[in-house]
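Below is one structure; the comments refer to it alone.
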Amino acid sequence: MTAATADAAPQPVVGLDLGGTKIAAALFGADGTVLARHSRPTPARSGAAAVLDALAAAAAEVDPGRTASVLGVAAAGVVDPRTGQVTSATAAIRGWAGTPLGPALADRTGSAVACDNDVRATAGPELAALRAGHGGHASLLFAAIGTGVGGAIAADGRMLHGAAGIAGHLGHLPSPEATGLPCTCGATGHLEVIASGPGIAAHYERLTGAPVDRLETVAARAAGGDAHAVTAITTGAAAAGRLLGGLANALGPDRVVVGGGVPRIGPLYGDALRAAFTAELMAPLHGLVPRAPLFGPDAAVRGAAALPTTLPLHRPGARR
């Protein structure tokens with residue numbers, strides 16, 4: 001059960017970022033200063049209860065004096081901030097789908113909890129910066145391309161969450177380049193299976209018949225002149241660019257941000273994505289180009305810490 005949003009008065013807050021391999025935690029002062037940090041491995045193979053316990057332990061580590069009465073959690077999976085539930089998830093964290101993240105963590109910590117998907121939380125600081133320059137009425141299209149393809153969409157200054165918290169999951173839009181390829185969600189032909197890091201590596205394997213361990217190996221071979229590696233990278237990049245360009249026509253964003261690990265492999269990827277994106281744009285959007293994120297590694301945990309100011313709070317002992 002959800003409760004009212006946090007009071008407007010600034011107060012210390014704990015931000016937690018839950019990924020498939022690592023939990024990052026930070027205690028933020030009322031002025032936004034980081035007062036303490038902690039990280040620990042995610043017990044992803046040990047089940048949801050173990051992950052919740054690890055989140056609670058990470059919060060206690062950065063705030064042993066319990067100075068913060070609220071905490072925000074940015075979590076992998078499809079998260080509905082209104083119910084606090086993980087409504088869908090991959091197998092990266094065993095048994096994560098269906099977890100009552102907000103209520104269960106509130107019970108473990110004794111603090112009020114706001115929660116959201118990790119990509120939307122990461123996009124939060126981007127939206128705040130954009131709103132500051134657009135009178136509060138900014139629109140943002142944010143893509144995170146890494147092991148999967150995630151996203152966030154904000155319209156007229158408000159982050160969209162959608163039914164069951166599913167808004168922004170760009171990786172599960174259809175992509176012609178992925179036609180017939182099975183997706184982790186159970187469907188076929190989605191962007192994630194051609195544009196993510198594993199998707200690009202898998203495409204290289206299909207082209208060559210040779211196994212490859214990771215995306216960085218494909219990037220190194222492309223830099224060495226391997227035509228199949230170049231094709232795998234530019235195909236994934238162009239698929240992402242075309243999809244983002246089409247979405248830009250539908251949404252009219254003031255800013256398009258492309259982050260995650262895949263764009264960091266170099267200009268071959270970035271140039272192909274930008275060219276495909278630009279080719280899709282309608283005339284009023286000419287000049288709009290995908291940008292790198294403004295914020296660094298702290299973006300997710302900082303965005304998590306801001307969630308209690310905008311999302312429902314789940315309180316200890318609330319009826320389920």
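For the structure tokens, the naming scheme is as follows: chains receive sequential letters (A, B, ...) according to their order of presentation, residues are indexed from 1 within each chain, and ligands are indexed from 1 in presentation order.
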
Quiz prompt | helix (DSSP H, G or I) per DSSP on the backbone: members of region 18-116 of chain A, as a list in words | solution =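 Answer for region 18-116 of chain A restricted to helix (DSSP H, G or I) is Ala48, Ala49, Ala50, Val51, Leu52, Asp53, Ala54, Leu55, Ala56, Ala57, Ala58, Ala59, Ala60, Glu61, Val62, Leu101, Gly102, Pro103, Ala104, Leu105, Ala106, Asp107, Arg108 and Thr109 of chain A.
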
Based on the selection just made, write N, CA, C and O atoms of those residues as a short mmCIF file (atom, residue, chain, number, x, y, z; two decimals), in the first residue's frame.
```
data_model
loop_
_atom_site.label_atom_id
_atom_site.label_comp_id
_atom_site.auth_asym_id
_atom_site.auth_seq_id
_atom_site.Cartn_x
_atom_site.Cartn_y
_atom_site.Cartn_z
N ALA A 48 15.19 -13.44 -3.68
CA ALA A 48 14.75 -12.08 -3.38
C ALA A 48 14.96 -11.69 -1.93
O ALA A 48 15.36 -10.55 -1.63
N ALA A 49 14.71 -12.60 -1.00
CA ALA A 49 14.86 -12.26 0.42
C ALA A 49 16.30 -11.88 0.74
O ALA A 49 16.55 -10.92 1.49
N ALA A 50 17.26 -12.60 0.16
CA ALA A 50 18.66 -12.28 0.38
C ALA A 50 19.02 -10.93 -0.21
O ALA A 50 19.82 -10.17 0.37
N VAL A 51 18.44 -10.59 -1.36
CA VAL A 51 18.71 -9.29 -1.97
C VAL A 51 18.13 -8.17 -1.11
O VAL A 51 18.79 -7.14 -0.88
N LEU A 52 16.93 -8.35 -0.60
CA LEU A 52 16.33 -7.34 0.29
C LEU A 52 17.15 -7.17 1.55
O LEU A 52 17.36 -6.04 2.02
N ASP A 53 17.64 -8.27 2.09
CA ASP A 53 18.49 -8.18 3.28
C ASP A 53 19.77 -7.41 2.98
O ASP A 53 20.25 -6.60 3.80
N ALA A 54 20.35 -7.64 1.79
CA ALA A 54 21.58 -6.94 1.40
C ALA A 54 21.32 -5.44 1.21
O ALA A 54 22.16 -4.61 1.57
N LEU A 55 20.17 -5.10 0.65
CA LEU A 55 19.81 -3.68 0.50
C LEU A 55 19.69 -3.02 1.87
O LEU A 55 20.20 -1.91 2.09
N ALA A 56 19.02 -3.69 2.79
CA ALA A 56 18.87 -3.14 4.15
C ALA A 56 20.22 -2.99 4.82
O ALA A 56 20.48 -1.99 5.52
N ALA A 57 21.10 -3.97 4.63
CA ALA A 57 22.43 -3.90 5.24
C ALA A 57 23.24 -2.76 4.64
O ALA A 57 23.99 -2.07 5.35
N ALA A 58 23.10 -2.53 3.35
CA ALA A 58 23.82 -1.44 2.71
C ALA A 58 23.34 -0.09 3.22
O ALA A 58 24.13 0.83 3.46
N ALA A 59 22.02 0.03 3.44
CA ALA A 59 21.48 1.27 3.99
C ALA A 59 22.00 1.51 5.40
O ALA A 59 22.36 2.64 5.77
N ALA A 60 22.06 0.46 6.20
CA ALA A 60 22.57 0.59 7.57
C ALA A 60 24.05 0.94 7.58
O ALA A 60 24.52 1.66 8.48
N GLU A 61 24.78 0.46 6.60
CA GLU A 61 26.22 0.72 6.54
C GLU A 61 26.51 2.20 6.32
O GLU A 61 27.44 2.76 6.92
N VAL A 62 25.73 2.86 5.46
CA VAL A 62 26.00 4.28 5.19
C VAL A 62 25.32 5.19 6.20
O VAL A 62 25.67 6.37 6.31
N LEU A 101 9.09 -4.89 -3.34
CA LEU A 101 10.33 -4.19 -3.00
C LEU A 101 10.13 -3.08 -1.98
O LEU A 101 10.81 -3.04 -0.95
N GLY A 102 9.23 -2.14 -2.27
CA GLY A 102 9.04 -1.01 -1.36
C GLY A 102 8.56 -1.42 0.02
O GLY A 102 9.20 -1.11 1.04
N PRO A 103 7.44 -2.14 0.12
CA PRO A 103 6.96 -2.54 1.44
C PRO A 103 7.92 -3.44 2.21
O PRO A 103 8.11 -3.28 3.41
N ALA A 104 8.54 -4.40 1.52
CA ALA A 104 9.42 -5.34 2.21
C ALA A 104 10.68 -4.65 2.72
O ALA A 104 11.17 -4.95 3.83
N LEU A 105 11.21 -3.71 1.95
CA LEU A 105 12.40 -3.00 2.41
C LEU A 105 12.06 -2.03 3.53
O LEU A 105 12.85 -1.83 4.46
N ALA A 106 10.87 -1.45 3.49
CA ALA A 106 10.43 -0.58 4.59
C ALA A 106 10.35 -1.37 5.89
O ALA A 106 10.78 -0.90 6.95
N ASP A 107 9.83 -2.59 5.81
CA ASP A 107 9.75 -3.42 7.01
C ASP A 107 11.14 -3.77 7.55
O ASP A 107 11.34 -3.84 8.76
N ARG A 108 12.08 -4.01 6.65
CA ARG A 108 13.43 -4.39 7.08
C ARG A 108 14.21 -3.23 7.66
O ARG A 108 15.05 -3.41 8.54
N THR A 109 13.97 -2.02 7.17
CA THR A 109 14.78 -0.87 7.58
C THR A 109 14.09 0.02 8.61
O THR A 109 14.76 0.81 9.29
#
```

Quiz item: Among region 120-287 of chain A, which ones does DSSP place in strand (DSSP E), written as a PyMOL selection string?
Solution: chain A and resi 140-145+149-155+158-159+255-259

How about saving the chosen residues, C-alpha atoms kept, as a PDB file, in the first residue's frame?
```
ATOM      1  CA  LEU A 140      13.320  13.790 -22.329  1.00  0.00           C
ATOM      2  CA  LEU A 141      14.025  10.536 -24.167  1.00  0.00           C
ATOM      3  CA  PHE A 142      16.679   8.540 -22.314  1.00  0.00           C
ATOM      4  CA  ALA A 143      18.169   5.233 -23.488  1.00  0.00           C
ATOM      5  CA  ALA A 144      20.539   3.002 -21.536  1.00  0.00           C
ATOM      6  CA  ILE A 145      22.219   0.468 -23.814  1.00  0.00           C
ATOM      7  CA  VAL A 149      18.330  -1.921 -23.492  1.00  0.00           C
ATOM      8  CA  GLY A 150      16.405   0.186 -21.020  1.00  0.00           C
ATOM      9  CA  GLY A 151      14.936   3.625 -21.182  1.00  0.00           C
ATOM     10  CA  ALA A 152      12.973   6.433 -19.610  1.00  0.00           C
ATOM     11  CA  ILE A 153      10.524   8.913 -21.069  1.00  0.00           C
ATOM     12  CA  ALA A 154       9.539  12.242 -19.564  1.00  0.00           C
ATOM     13  CA  ALA A 155       6.880  14.492 -21.086  1.00  0.00           C
ATOM     14  CA  ARG A 158       6.982  14.562 -15.696  1.00  0.00           C
ATOM     15  CA  MET A 159       8.553  11.115 -15.769  1.00  0.00           C
ATOM     16  CA  ARG A 255      16.830  16.243 -25.301  1.00  0.00           C
ATOM     17  CA  VAL A 256      17.767  12.691 -26.269  1.00  0.00           C
ATOM     18  CA  VAL A 257      20.345  10.945 -24.085  1.00  0.00           C
ATOM     19  CA  VAL A 258      22.072   7.662 -24.921  1.00  0.00           C
ATOM     20  CA  GLY A 259      24.074   6.113 -22.090  1.00  0.00           C
TER      21      GLY A 259
END
```

Quiz item: Counting only C-alpha atoms, which of A:Ala195, A:Ala123, A:Cys115, A:Ala318 gets nearest to Ala292 (chain A)?
Solution: A:Ala123

Quiz item: Just how far from CA of Thr99 (chain A) is CA of Leu160 (chain A), in Å to one decimal?
Solution: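 Going from CA of Leu160 (chain A) over to CA of Thr99 (chain A) covers 21.6 Å.
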
Self-check item: Which of A:Ala25, A:Leu16, A:Ala250, A:Ala129 sits closest to Pro293 (chain A) [using only C-alpha atoms]
Solution: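 Ranked by minimum distance to Pro293 (chain A), first place goes to A:Ala129.
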
Exercise. Pick out the closest residue to Thr42 (chain A) from this set: A:Leu173, A:Ala68, A:Val78, A:Ala92. Count only C-alpha atoms.
Key: A:Ala92

Quiz item: So which residues touch Gly110 (chain A) within 9 Å, counting only C-alpha atoms, skipping near sequence neighbours fewer than 5 positions away, as a PyMOL selection string?
Solution: chain A and resi 69+105+315-317

Practice problem: Please indicate the distance in Å from CA of Ala138 (chain A) to CA of Leu288 (chain A), rounded to one decimal place. | Solution: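 So the answer is 14.1 Å.
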
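Residue nearest Arg120 (chain A) within the list A:Ala299, A:Ala227, A:Ile194, A:Ala220: A:Ala299 [criterion: smallest interatomic distance, only C-alpha atoms].
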
Quiz item: How many Å separate CA of Thr278 (chain A) from CA of Ser175 (chain A)?
Solution: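 Separation between CA of Thr278 (chain A) and CA of Ser175 (chain A): 17.1 Å.
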
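Between Ala74 (chain A) and the candidates A:Asn117, A:Thr179, A:Asn249, A:Ser139, the tightest atom-to-atom separation, counting only C-alpha atoms, involves A:Asn117.
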
Could you pull the residues within 12 Å of Gly303 (chain A), counting only C-alpha atoms, minus those fewer than 5 positions along the same chain, as a PDB file with N, CA and C atoms, in the first residue's frame?
```pdb
ATOM      1  N   VAL A  13      18.862  11.598   3.277  1.00  0.00           N
ATOM      2  CA  VAL A  13      18.197  10.499   2.607  1.00  0.00           C
ATOM      3  C   VAL A  13      19.237   9.494   2.129  1.00  0.00           C
ATOM      4  N   VAL A  14      18.881   8.237   2.161  1.00  0.00           N
ATOM      5  CA  VAL A  14      19.739   7.175   1.646  1.00  0.00           C
ATOM      6  C   VAL A  14      19.290   6.831   0.233  1.00  0.00           C
ATOM      7  N   GLY A  15      20.245   6.752  -0.689  1.00  0.00           N
ATOM      8  CA  GLY A  15      19.979   6.295  -2.043  1.00  0.00           C
ATOM      9  C   GLY A  15      20.622   4.939  -2.257  1.00  0.00           C
ATOM     10  N   LEU A  16      19.877   4.007  -2.845  1.00  0.00           N
ATOM     11  CA  LEU A  16      20.361   2.657  -3.122  1.00  0.00           C
ATOM     12  C   LEU A  16      20.186   2.356  -4.605  1.00  0.00           C
ATOM     13  N   ASP A  17      21.213   1.804  -5.211  1.00  0.00           N
ATOM     14  CA  ASP A  17      21.159   1.402  -6.610  1.00  0.00           C
ATOM     15  C   ASP A  17      21.412  -0.101  -6.681  1.00  0.00           C
ATOM     16  N   ALA A  25      25.316   2.235  -2.384  1.00  0.00           N
ATOM     17  CA  ALA A  25      24.539   3.000  -1.412  1.00  0.00           C
ATOM     18  C   ALA A  25      25.264   4.299  -1.094  1.00  0.00           C
ATOM     19  N   ALA A  26      24.490   5.335  -0.809  1.00  0.00           N
ATOM     20  CA  ALA A  26      25.077   6.612  -0.383  1.00  0.00           C
ATOM     21  C   ALA A  26      24.099   7.320   0.537  1.00  0.00           C
ATOM     22  N   PHE A  28      22.985  10.982   1.586  1.00  0.00           N
ATOM     23  CA  PHE A  28      23.039  12.359   1.109  1.00  0.00           C
ATOM     24  C   PHE A  28      22.529  13.288   2.203  1.00  0.00           C
ATOM     25  N   GLY A  32      22.382  17.824  -0.455  1.00  0.00           N
ATOM     26  CA  GLY A  32      22.795  16.990  -1.566  1.00  0.00           C
ATOM     27  C   GLY A  32      24.215  16.481  -1.488  1.00  0.00           C
ATOM     28  N   LEU A  71      14.315   6.487   2.382  1.00  0.00           N
ATOM     29  CA  LEU A  71      15.329   6.035   1.440  1.00  0.00           C
ATOM     30  C   LEU A  71      14.682   5.786   0.089  1.00  0.00           C
ATOM     31  N   GLY A  72      15.503   5.916  -0.942  1.00  0.00           N
ATOM     32  CA  GLY A  72      15.050   5.681  -2.306  1.00  0.00           C
ATOM     33  C   GLY A  72      15.844   4.546  -2.916  1.00  0.00           C
ATOM     34  N   VAL A  73      15.166   3.713  -3.696  1.00  0.00           N
ATOM     35  CA  VAL A  73      15.802   2.545  -4.296  1.00  0.00           C
ATOM     36  C   VAL A  73      15.600   2.567  -5.805  1.00  0.00           C
ATOM     37  N   ALA A  74      16.698   2.494  -6.538  1.00  0.00           N
ATOM     38  CA  ALA A  74      16.678   2.304  -7.985  1.00  0.00           C
ATOM     39  C   ALA A  74      17.013   0.844  -8.238  1.00  0.00           C
ATOM     40  N   ALA A  75      16.101   0.101  -8.845  1.00  0.00           N
ATOM     41  CA  ALA A  75      16.263  -1.345  -8.931  1.00  0.00           C
ATOM     42  C   ALA A  75      16.121  -1.859 -10.354  1.00  0.00           C
ATOM     43  N   ALA A 114      10.781   4.838  -1.174  1.00  0.00           N
ATOM     44  CA  ALA A 114      10.287   5.078  -2.526  1.00  0.00           C
ATOM     45  C   ALA A 114      11.156   4.267  -3.476  1.00  0.00           C
ATOM     46  N   CYS A 115      10.554   3.672  -4.499  1.00  0.00           N
ATOM     47  CA  CYS A 115      11.335   2.831  -5.396  1.00  0.00           C
ATOM     48  C   CYS A 115      10.919   3.042  -6.847  1.00  0.00           C
ATOM     49  N   ASP A 116      11.853   2.767  -7.733  1.00  0.00           N
ATOM     50  CA  ASP A 116      11.583   2.879  -9.166  1.00  0.00           C
ATOM     51  C   ASP A 116      12.596   2.041  -9.923  1.00  0.00           C
ATOM     52  N   ASN A 117      12.336   1.868 -11.194  1.00  0.00           N
ATOM     53  CA  ASN A 117      13.279   1.223 -12.095  1.00  0.00           C
ATOM     54  C   ASN A 117      14.604   1.984 -12.128  1.00  0.00           C
ATOM     55  N   ASP A 118      15.703   1.261 -12.279  1.00  0.00           N
ATOM     56  CA  ASP A 118      17.015   1.905 -12.201  1.00  0.00           C
ATOM     57  C   ASP A 118      17.268   2.900 -13.332  1.00  0.00           C
ATOM     58  N   VAL A 119      16.758   2.629 -14.527  1.00  0.00           N
ATOM     59  CA  VAL A 119      17.006   3.556 -15.634  1.00  0.00           C
ATOM     60  C   VAL A 119      16.215   4.844 -15.448  1.00  0.00           C
ATOM     61  N   ARG A 120      14.967   4.735 -15.002  1.00  0.00           N
ATOM     62  CA  ARG A 120      14.214   5.975 -14.739  1.00  0.00           C
ATOM     63  C   ARG A 120      14.875   6.794 -13.644  1.00  0.00           C
ATOM     64  N   ALA A 121      15.378   6.120 -12.615  1.00  0.00           N
ATOM     65  CA  ALA A 121      16.068   6.850 -11.554  1.00  0.00           C
ATOM     66  C   ALA A 121      17.324   7.526 -12.084  1.00  0.00           C
ATOM     67  N   THR A 122      18.068   6.841 -12.939  1.00  0.00           N
ATOM     68  CA  THR A 122      19.273   7.420 -13.528  1.00  0.00           C
ATOM     69  C   THR A 122      18.940   8.630 -14.391  1.00  0.00           C
ATOM     70  N   ALA A 123      17.796   8.567 -15.052  1.00  0.00           N
ATOM     71  CA  ALA A 123      17.375   9.683 -15.898  1.00  0.00           C
ATOM     72  C   ALA A 123      16.866  10.868 -15.089  1.00  0.00           C
ATOM     73  N   GLY A 124      16.554  10.652 -13.818  1.00  0.00           N
ATOM     74  CA  GLY A 124      15.995  11.724 -12.995  1.00  0.00           C
ATOM     75  C   GLY A 124      16.850  12.973 -12.935  1.00  0.00           C
ATOM     76  N   PRO A 125      18.152  12.858 -12.636  1.00  0.00           N
ATOM     77  CA  PRO A 125      18.987  14.065 -12.620  1.00  0.00           C
ATOM     78  C   PRO A 125      19.061  14.761 -13.986  1.00  0.00           C
ATOM     79  N   GLU A 126      19.017  13.981 -15.080  1.00  0.00           N
ATOM     80  CA  GLU A 126      18.985  14.573 -16.414  1.00  0.00           C
ATOM     81  C   GLU A 126      17.727  15.415 -16.596  1.00  0.00           C
ATOM     82  N   LEU A 127      16.595  14.881 -16.151  1.00  0.00           N
ATOM     83  CA  LEU A 127      15.338  15.611 -16.277  1.00  0.00           C
ATOM     84  C   LEU A 127      15.340  16.858 -15.411  1.00  0.00           C
ATOM     85  N   ALA A 128      15.886  16.743 -14.198  1.00  0.00           N
ATOM     86  CA  ALA A 128      15.937  17.918 -13.316  1.00  0.00           C
ATOM     87  C   ALA A 128      16.768  19.036 -13.941  1.00  0.00           C
ATOM     88  N   ALA A 129      17.899  18.678 -14.532  1.00  0.00           N
ATOM     89  CA  ALA A 129      18.747  19.685 -15.179  1.00  0.00           C
ATOM     90  C   ALA A 129      18.039  20.290 -16.384  1.00  0.00           C
ATOM     91  N   PHE A 295      25.604  13.188 -16.286  1.00  0.00           N
ATOM     92  CA  PHE A 295      26.036  12.764 -14.961  1.00  0.00           C
ATOM     93  C   PHE A 295      26.785  11.438 -15.058  1.00  0.00           C
ATOM     94  N   GLY A 296      27.698  11.241 -14.140  1.00  0.00           N
ATOM     95  CA  GLY A 296      28.574  10.088 -14.172  1.00  0.00           C
ATOM     96  C   GLY A 296      28.055   8.908 -13.392  1.00  0.00           C
ATOM     97  N   PRO A 297      28.977   8.138 -12.782  1.00  0.00           N
ATOM     98  CA  PRO A 297      28.600   6.911 -12.084  1.00  0.00           C
ATOM     99  C   PRO A 297      27.632   7.124 -10.917  1.00  0.00           C
ATOM    100  N   ASP A 298      27.561   8.347 -10.387  1.00  0.00           N
ATOM    101  CA  ASP A 298      26.661   8.631  -9.257  1.00  0.00           C
ATOM    102  C   ASP A 298      25.211   8.847  -9.673  1.00  0.00           C
ATOM    103  N   PRO A 308      12.116   9.861  -3.146  1.00  0.00           N
ATOM    104  CA  PRO A 308      11.115  10.156  -2.109  1.00  0.00           C
ATOM    105  C   PRO A 308      10.453  11.520  -2.233  1.00  0.00           C
ATOM    106  N   THR A 309      11.023  12.425  -3.024  1.00  0.00           N
ATOM    107  CA  THR A 309      10.407  13.746  -3.188  1.00  0.00           C
ATOM    108  C   THR A 309       9.320  13.748  -4.255  1.00  0.00           C
ATOM    109  N   THR A 310       9.255  12.693  -5.081  1.00  0.00           N
ATOM    110  CA  THR A 310       8.308  12.700  -6.196  1.00  0.00           C
ATOM    111  C   THR A 310       7.398  11.485  -6.258  1.00  0.00           C
ATOM    112  N   LEU A 311       7.741  10.408  -5.558  1.00  0.00           N
ATOM    113  CA  LEU A 311       6.992   9.156  -5.683  1.00  0.00           C
ATOM    114  C   LEU A 311       6.323   8.768  -4.371  1.00  0.00           C
TER     115      LEU A 311
END
```
